[in-house]
$ cat input_39.txt   # compact mmCIF, C-alpha atoms
# COMPACT_ATOMS: atom_id res chain seq x y z
CA LEU F 1 -13.20 7.06 7.82
CA SER F 2 -14.91 8.94 10.63
CA THR F 3 -17.39 6.06 10.92
CA MET F 4 -14.53 3.60 11.27
CA ARG F 5 -12.97 5.78 13.94
CA SER F 6 -16.21 6.25 15.87
CA HIS F 7 -16.62 2.45 15.98
CA GLN F 8 -12.99 2.10 17.14
CA VAL F 9 -12.05 -0.11 14.19
CA GLN F 10 -8.31 -0.75 14.14
CA CYS F 11 -7.60 -0.02 10.48
CA LEU F 12 -5.21 1.94 8.28
CA LEU F 13 -6.05 3.86 5.14
CA MET F 14 -4.03 2.72 2.13
CA GLY F 15 -4.47 2.76 -1.64
CA GLY F 16 -5.12 5.82 -3.78
CA GLN F 17 -6.55 8.01 -1.03
CA ALA F 18 -3.46 7.46 1.13
CA CYS F 19 -1.30 8.38 -1.87
CA VAL F 20 -3.11 11.72 -2.11
CA LEU F 21 -2.36 12.47 1.53
CA TYR F 22 1.34 11.82 0.86
CA GLY F 23 1.37 14.20 -2.09
CA ALA F 24 0.99 11.87 -5.08
CA ALA F 25 -2.02 12.92 -7.15
CA GLU F 26 -4.40 10.01 -7.65
CA PHE F 27 -8.11 9.63 -8.33
CA SER F 28 -9.78 6.84 -6.41
CA ARG F 29 -13.42 5.89 -5.98
CA ASP F 30 -12.50 3.30 -3.37
CA THR F 31 -11.55 3.41 0.27
CA ASP F 32 -8.87 0.76 0.81
CA LEU F 33 -8.24 -0.32 4.39
CA ALA F 34 -5.70 -2.59 6.03
CA ILE F 35 -7.39 -4.12 9.06
CA LEU F 36 -6.54 -6.24 12.06
CA ALA F 37 -8.20 -9.61 11.38
CA GLU F 38 -9.07 -10.49 14.97
CA ARG F 39 -12.57 -11.28 16.18
CA GLU F 40 -13.26 -8.18 18.27
CA ASN F 41 -11.92 -5.85 15.61
CA LEU F 42 -13.88 -7.59 12.86
CA ASN F 43 -17.02 -7.25 14.98
CA ARG F 44 -16.36 -3.52 15.27
CA LEU F 45 -15.80 -3.36 11.53
CA GLN F 46 -19.13 -5.10 10.93
CA SER F 47 -20.86 -2.51 13.12
CA ALA F 48 -19.23 0.29 11.14
CA LEU F 49 -20.27 -1.33 7.86
CA ASP F 50 -23.83 -1.65 9.16
CA SER F 51 -23.83 2.08 9.98
CA LEU F 52 -22.72 2.79 6.41
CA GLN F 53 -25.38 0.39 5.08
CA ALA F 54 -22.55 -1.42 3.31
CA LYS F 55 -23.21 -4.69 1.52
CA ARG F 56 -20.66 -7.21 0.30
CA ILE F 57 -20.45 -7.10 -3.51
CA ALA F 58 -18.16 -10.00 -4.46
CA VAL F 59 -16.53 -13.17 -3.22
CA PRO F 60 -15.05 -14.06 -0.82
CA SER F 61 -17.37 -13.73 2.16
CA PHE F 62 -16.43 -11.58 5.12
CA GLU F 63 -14.50 -14.14 7.16
CA ALA F 64 -11.23 -13.92 9.06
CA SER F 65 -9.91 -17.04 7.33
CA TYR F 66 -10.06 -15.40 3.90
CA LEU F 67 -8.49 -12.20 5.15
CA ARG F 68 -5.65 -14.10 6.81
CA ARG F 69 -4.91 -15.92 3.54
CA GLY F 70 -4.44 -12.63 1.70
CA HIS F 71 -7.85 -12.07 0.13
CA GLY F 72 -9.60 -8.72 0.02
CA VAL F 73 -13.28 -8.35 0.93
CA HIS F 74 -15.32 -5.77 -0.97
CA PHE F 75 -18.34 -3.72 0.08
CA ARG F 76 -20.56 -1.00 -1.39
CA CYS F 77 -22.10 1.70 0.84
CA HIS F 78 -25.76 2.66 0.56
CA HIS F 79 -25.98 5.29 3.31
CA PRO F 80 -27.08 8.61 1.73
CA GLU F 81 -23.89 10.38 2.89
CA ALA F 82 -21.61 7.70 1.43
CA LYS F 83 -23.79 6.30 -1.33
CA GLY F 84 -21.85 4.34 -3.94
CA MET F 85 -18.57 4.41 -2.04
CA ARG F 86 -16.71 1.13 -2.26
CA ILE F 87 -14.75 -0.17 0.71
CA ASP F 88 -12.06 -2.80 0.20
CA VAL F 89 -10.46 -4.39 3.26
CA MET F 90 -7.35 -6.55 3.50
CA SER F 91 -5.25 -7.89 6.32
CA VAL F 92 -2.32 -9.67 4.65
CA MET F 93 -0.32 -8.38 1.67
CA ARG F 94 2.70 -9.71 -0.19
CA ASN F 95 6.01 -8.70 1.39
CA VAL F 96 4.19 -6.29 3.73
CA ALA F 97 4.74 -6.54 7.48
CA PRO F 98 2.07 -7.98 9.83
CA PHE F 99 -0.67 -5.58 10.83
CA THR F 100 0.70 -5.04 14.35
CA ASP F 101 3.94 -3.72 12.86
CA LEU F 102 2.05 -1.56 10.38
CA TRP F 103 -0.01 -0.13 13.24
CA ASN F 104 3.03 0.67 15.37
CA ARG F 105 4.65 2.76 12.62
CA ARG F 106 1.46 4.28 11.17
CA THR F 107 1.07 7.93 10.22
CA THR F 108 -1.77 9.92 11.78
CA VAL F 109 -3.22 12.80 9.76
CA GLU F 110 -5.25 15.50 11.48
CA THR F 111 -7.84 17.51 9.56
CA ASN F 112 -8.74 21.16 10.04
CA ASP F 113 -11.96 20.25 11.84
CA GLY F 114 -10.13 18.13 14.41
CA ASP F 115 -10.63 14.66 12.99
CA ALA F 116 -7.65 12.31 12.87
CA PHE F 117 -7.12 9.36 10.56
CA ASP F 118 -4.51 6.61 10.62
CA ILE F 119 -2.78 5.67 7.37
CA LEU F 120 -0.02 3.29 6.34
CA SER F 121 3.45 4.71 6.81
CA LEU F 122 5.00 5.84 3.54
CA PRO F 123 7.50 2.93 3.35
CA ASP F 124 4.72 0.42 4.02
CA LEU F 125 2.42 2.05 1.47
CA ILE F 126 5.16 1.83 -1.16
CA GLN F 127 5.75 -1.82 -0.36
CA ALA F 128 2.02 -2.50 -0.72
CA LYS F 129 2.06 -0.78 -4.12
CA LYS F 130 4.66 -3.14 -5.61
CA THR F 131 2.12 -5.11 -7.59
CA GLN F 132 1.60 -6.33 -11.14
CA ARG F 133 -0.74 -3.43 -11.90
CA ASP F 134 0.51 -0.84 -14.39
CA LYS F 135 -0.89 2.12 -12.45
CA ASP F 136 1.02 1.39 -9.23
CA TRP F 137 4.57 1.92 -10.52
CA PRO F 138 4.17 5.59 -11.57
CA LEU F 139 2.53 6.14 -8.17
CA ILE F 140 5.54 4.72 -6.34
CA ARG F 141 7.79 7.05 -8.30
CA ARG F 142 5.62 10.08 -7.49
CA LEU F 143 5.36 9.18 -3.81
CA VAL F 144 9.13 9.03 -3.34
CA GLU F 145 9.68 12.13 -5.46
CA ALA F 146 7.17 14.06 -3.36
CA HIS F 147 8.86 12.97 -0.14
CA PHE F 148 12.29 13.84 -1.53
CA PHE F 149 11.31 17.35 -2.64
CA GLN F 150 9.49 18.00 0.64
CA ASN F 151 12.52 17.04 2.74
CA GLN F 152 15.66 17.45 0.63
CA ASP F 153 16.77 20.63 2.40
CA THR F 154 16.52 19.11 5.87
CA GLN F 155 17.10 15.45 5.13
CA THR F 156 18.10 12.96 7.79
CA PRO F 157 20.28 9.87 7.21
CA GLU F 158 17.14 7.73 7.66
CA GLN F 159 15.34 9.65 4.92
CA VAL F 160 18.30 9.43 2.55
CA THR F 161 18.48 5.67 3.14
CA PHE F 162 14.75 5.41 2.39
CA TRP F 163 15.20 7.32 -0.88
CA LEU F 164 18.13 5.16 -1.90
CA ARG F 165 16.10 2.02 -1.21
CA GLU F 166 12.89 3.07 -2.95
CA CYS F 167 13.48 5.94 -5.40
CA ARG F 168 12.58 5.15 -9.01
CA THR F 169 13.77 8.42 -10.58
CA PRO F 170 17.21 7.95 -12.22
CA GLU F 171 18.27 11.57 -11.80
CA ILE F 172 17.54 11.57 -8.08
CA LEU F 173 19.27 8.21 -7.58
CA LEU F 174 22.39 9.51 -9.33
CA GLU F 175 22.36 12.70 -7.27
CA LEU F 176 21.88 10.89 -3.95
CA SER F 177 24.53 8.28 -4.70
CA GLY F 178 27.01 11.01 -5.58
CA ARG F 179 26.31 13.02 -2.44
CA PHE F 180 25.91 10.15 0.03
CA THR F 181 28.34 7.47 -1.08
CA ASP F 182 28.77 6.36 2.54
CA LEU F 183 25.07 5.48 2.71
CA ALA F 184 24.68 4.17 -0.84
CA GLY F 185 27.67 1.82 -0.75
CA PRO F 186 26.41 -0.55 1.97
CA LEU F 187 23.00 -0.76 0.26
CA THR F 188 24.32 -2.14 -3.04
CA SER F 189 23.96 -5.72 -1.81
CA GLN F 190 20.26 -5.08 -1.19
CA ARG F 191 19.67 -2.94 -4.28
CA PRO F 192 22.25 -3.74 -6.98
CA LEU F 193 21.28 -0.80 -9.20
CA LEU F 194 22.97 1.50 -6.68
CA THR F 195 26.26 0.19 -8.03
CA ASN F 196 25.31 1.71 -11.39
CA ALA F 197 24.30 4.92 -9.65
CA LEU F 198 27.59 5.14 -7.77
CA GLU F 199 29.43 4.74 -11.08
CA GLY F 200 27.34 7.50 -12.66
CA ASP F 201 25.91 5.03 -15.18
CA ALA F 202 22.52 6.56 -15.98
CA ASP F 203 21.65 4.03 -18.70
CA GLY F 204 22.53 1.19 -16.34
CA VAL F 205 20.25 2.64 -13.66
CA ILE F 206 17.37 2.89 -16.13
CA ARG F 207 17.82 -0.71 -17.27
CA ALA F 208 18.13 -1.94 -13.69
CA LEU F 209 14.95 -0.11 -12.65
CA ALA F 210 13.06 -1.89 -15.43
CA THR F 211 14.47 -5.25 -14.34
CA GLU F 212 13.59 -4.52 -10.71
CA GLU F 213 10.01 -3.64 -11.64
CA GLN F 214 9.58 -6.70 -13.82
CA ARG F 215 10.79 -8.97 -11.04
CA GLU F 216 8.34 -7.50 -8.55
CA ARG F 217 5.48 -7.77 -11.04
CA GLU F 218 6.23 -11.43 -11.65
CA GLU F 219 6.52 -12.22 -7.95
CA ASP F 220 3.17 -10.53 -7.37
CA ARG F 221 1.59 -12.49 -10.22
CA LEU F 222 2.81 -15.78 -8.73
CA TYR F 223 1.63 -14.72 -5.26
CA TRP F 224 -1.89 -14.05 -6.54
CA LEU F 225 -2.16 -17.13 -8.74
CA PRO F 226 -3.50 -19.54 -6.06
CA LEU F 227 -5.65 -16.77 -4.55
CA LYS F 228 -7.26 -16.08 -7.93
CA GLN F 229 -7.87 -19.78 -8.42
CA GLU F 230 -9.64 -19.91 -5.07
CA LEU F 231 -11.76 -16.89 -5.98
CA GLU F 232 -12.76 -18.53 -9.25
CA ARG F 233 -13.85 -21.63 -7.36
CA LEU F 234 -15.88 -19.50 -4.93
CA ARG F 235 -17.56 -17.68 -7.84
CA HIS F 236 -18.60 -20.98 -9.40
CA GLU F 237 -19.96 -22.24 -6.08
CA ALA F 238 -21.91 -19.00 -5.56
CA ALA F 239 -23.35 -19.18 -9.08
CA GLY F 240 -24.24 -22.86 -8.88

$ encode --input "input_39.txt" --output "structure tokens"
Amino acid sequence: LSTMRSHQVQCLLMGGQACVLYGAAEFSRDTDLAILAERENLNRLQSALDSLQAKRIAVPSFEASYLRRGHGVHFRCHHPEAKGMRIDVMSVMRNVAPFTDLWNRRTTVETNDGDAFDILSLPDLIQAKKTQRDKDWPLIRRLVEAHFFQNQDTQTPEQVTFWLRECRTPEILLELSGRFTDLAGPLTSQRPLLTNALEGDADGVIRALATEEQREREEDRLYWLPLKQELERLRHEAAG
């Protein structure tokens, strides 16, 4: 991350390492970055990758056109101080805002030794985690729970609205809906399960959460279908 910063790469940490910084325990061998897929920034990224002695390890190739279509590009570092570290970069993600919006609402984390790193905002990170992968859904739950417990005593209306939109813990949803009916009510059209929460229907909330997750998983599967087909074609071309 410090190498990216020293090369002035416009990028945002996401993935498992960002989850750790937001308080959701996660083990990750990878560094996942959202990047601005414009020529000058990609040139800076290439310089940073060269400093890390990073080599591309899979298709597709490192080209803006692939990044702009939603592909990730994958590298492995060989520099002694980062040996074996994998770097995955993406620019476009399903139902995630354009990079310029992500950058404008980023979170900056400062370390004890004075370094500063830019990461996806919590709402954007959660949106990026709504995938077909099994491991992402418990992470979303833990991320919102951590934010709720960190801020519940000093909550703002904006935070309560965020919890109502994204929380996946039935008990917290029931509590919030009971305490903040004025905020929960208008959100039922966007998140129907809040109707169950407002009625105190715990079983209905649980069923609706499962339906919500399944819908997102299926939408993500359909989103990736043509991208996976393109990757398969690129693999065959590289092998042939």

$ closest_residue --input "input_39.txt" --among "F:Pro98, F:Pro138, F:Pro186, F:Pro192" --to "Leu120 of chain F" --atoms "only C-alpha atoms"
F:Pro98

$ closest_residue --input "input_39.txt" --among "F:Val205, F:Ala34, F:Leu164, F:Ala25" --to "Arg106 of chain F" --atoms "only C-alpha atoms"
F:Ala34

$ residues_around --input "input_39.txt" --residues "Leu174 of chain F" --least-positions-apart "4" --cutoff "10 Å" --atoms "all atoms listed in the file" --output "ChimeraX atom specification"
/F:164,169-170,178-179,194,196-202,205

$ residues_around --input "input_39.txt" --residues "Leu183 of chain F" --least-positions-apart "2" --cutoff "9 Å" --atoms "all atoms listed in the file" --output "VMD selection string"
chain F and resid 157 160 to 161 164 177 180 to 181 185 to 187

$ closest_residue --input "input_39.txt" --among "F:Arg76, F:Gln8, F:Gly23, F:Trp103" --to "Gln150 of chain F" --atoms "only C-alpha atoms"
F:Gly23

$ closest_residue --input "input_39.txt" --among "F:Asp124, F:Asp136, F:Asp220, F:Glu232" --to "Phe162 of chain F" --atoms "only C-alpha atoms"
F:Asp124

$ closest_residue --input "input_39.txt" --among "F:Arg29, F:Arg235, F:Arg5, F:Lys55" --to "Asn41 of chain F" --atoms "only C-alpha atoms"
F:Arg5

$ atom_distance --input "input_39.txt" --atom1 "atom CA of Gln155 of chain F" --atom2 "atom CA of Phe27 of chain F"
29.2 Å

$ closest_residue --input "input_39.txt" --among "F:Ser47, F:Thr108, F:Thr100, F:Gln53" --to "Lys83 of chain F" --atoms "all atoms listed in the file"
F:Gln53

$ atom_distance --input "input_39.txt" --atom1 "atom CA of Arg141 of chain F" --atom2 "atom CA of Thr195 of chain F"
19.7 Å

$ residues_around --input "input_39.txt" --residues "Glu63 of chain F" --least-positions-apart "2" --cutoff "12 Å" --atoms "only C-alpha atoms" --output "list in words"
Ala37, Glu38, Arg39, Leu42, Asn43, Leu45, Gln46, Arg56, Val59, Pro60, Ser61, Ser65, Tyr66, Leu67, Arg68, Arg69, Gly70, His71, Gly72, Val73, His74, Val89, Met90 and Ser91 of chain F

$ atom_distance --input "input_39.txt" --atom1 "atom CA of Arg215 of chain F" --atom2 "atom CA of Asp203 of chain F"
18.6 Å

$ closest_atom_pairs --input "input_39.txt" --of "segment 79-156 of chain F" --to "segment 17-20 of chain F" --cutoff "12 Å" --atoms "all atoms listed in the file" --output "Markdown table"
| residue | atom | partner | partner_atom | distance |
| --- | --- | --- | --- | --- |
| F:Ile87 | CA | F:Gln17 | CA | 11.7 |
| F:Arg106 | CA | F:Ala18 | CA | 11.6 |
| F:Thr107 | CA | F:Ala18 | CA | 10.2 |
| F:Thr108 | CA | F:Ala18 | CA | 11.1 |
| F:Val109 | CA | F:Ala18 | CA | 10.2 |
| F:Phe117 | CA | F:Ala18 | CA | 10.3 |
| F:Asp118 | CA | F:Ala18 | CA | 9.6 |
| F:Ile119 | CA | F:Ala18 | CA | 6.5 |
| F:Leu120 | CA | F:Ala18 | CA | 7.5 |
| F:Ser121 | CA | F:Ala18 | CA | 9.4 |
| F:Leu122 | CA | F:Cys19 | CA | 8.7 |
| F:Pro123 | CA | F:Cys19 | CA | 11.6 |
| F:Asp124 | CA | F:Ala18 | CA | 11.2 |
| F:Leu125 | CA | F:Ala18 | CA | 8.0 |
| F:Ile126 | CA | F:Cys19 | CA | 9.2 |
| F:Ala128 | CA | F:Cys19 | CA | 11.4 |
| F:Lys129 | CA | F:Cys19 | CA | 10.0 |
| F:Asp136 | CA | F:Cys19 | CA | 10.4 |
| F:Pro138 | CA | F:Cys19 | CA | 11.5 |
| F:Leu139 | CA | F:Cys19 | CA | 7.7 |
| F:Ile140 | CA | F:Cys19 | CA | 9.0 |
| F:Arg141 | CA | F:Cys19 | CA | 11.2 |
| F:Arg142 | CA | F:Cys19 | CA | 9.1 |
| F:Leu143 | CA | F:Cys19 | CA | 7.0 |
| F:Val144 | CA | F:Cys19 | CA | 10.6 |
| F:Ala146 | CA | F:Cys19 | CA | 10.3 |
| F:His147 | CA | F:Cys19 | CA | 11.3 |

$ residues_around --input "input_39.txt" --residues "Glu219 of chain F" --least-positions-apart "4" --cutoff "12 Å" --atoms "only C-alpha atoms" --output "PDB file with C-alpha atoms, in the frame of the given file"
ATOM      1  CA  ARG F  94       2.700  -9.710  -0.190  1.00  0.00           C
ATOM      2  CA  ASN F  95       6.010  -8.700   1.390  1.00  0.00           C
ATOM      3  CA  LYS F 130       4.660  -3.140  -5.610  1.00  0.00           C
ATOM      4  CA  THR F 131       2.120  -5.110  -7.590  1.00  0.00           C
ATOM      5  CA  GLN F 132       1.600  -6.330 -11.140  1.00  0.00           C
ATOM      6  CA  GLU F 212      13.590  -4.520 -10.710  1.00  0.00           C
ATOM      7  CA  GLU F 213      10.010  -3.640 -11.640  1.00  0.00           C
ATOM      8  CA  GLN F 214       9.580  -6.700 -13.820  1.00  0.00           C
ATOM      9  CA  ARG F 215      10.790  -8.970 -11.040  1.00  0.00           C
ATOM     10  CA  TYR F 223       1.630 -14.720  -5.260  1.00  0.00           C
ATOM     11  CA  TRP F 224      -1.890 -14.050  -6.540  1.00  0.00           C
ATOM     12  CA  LEU F 225      -2.160 -17.130  -8.740  1.00  0.00           C
TER      13      LEU F 225
END

$ axis_aligned_box --input "input_39.txt" --around "segment 192-207 of chain F" --padding-each-side "3 Å" --output "JSON"
{"center_x": 23.4, "center_y": 1.9, "center_z": -12.7, "size_x": 18.1, "size_y": 17.2, "size_z": 18.0}
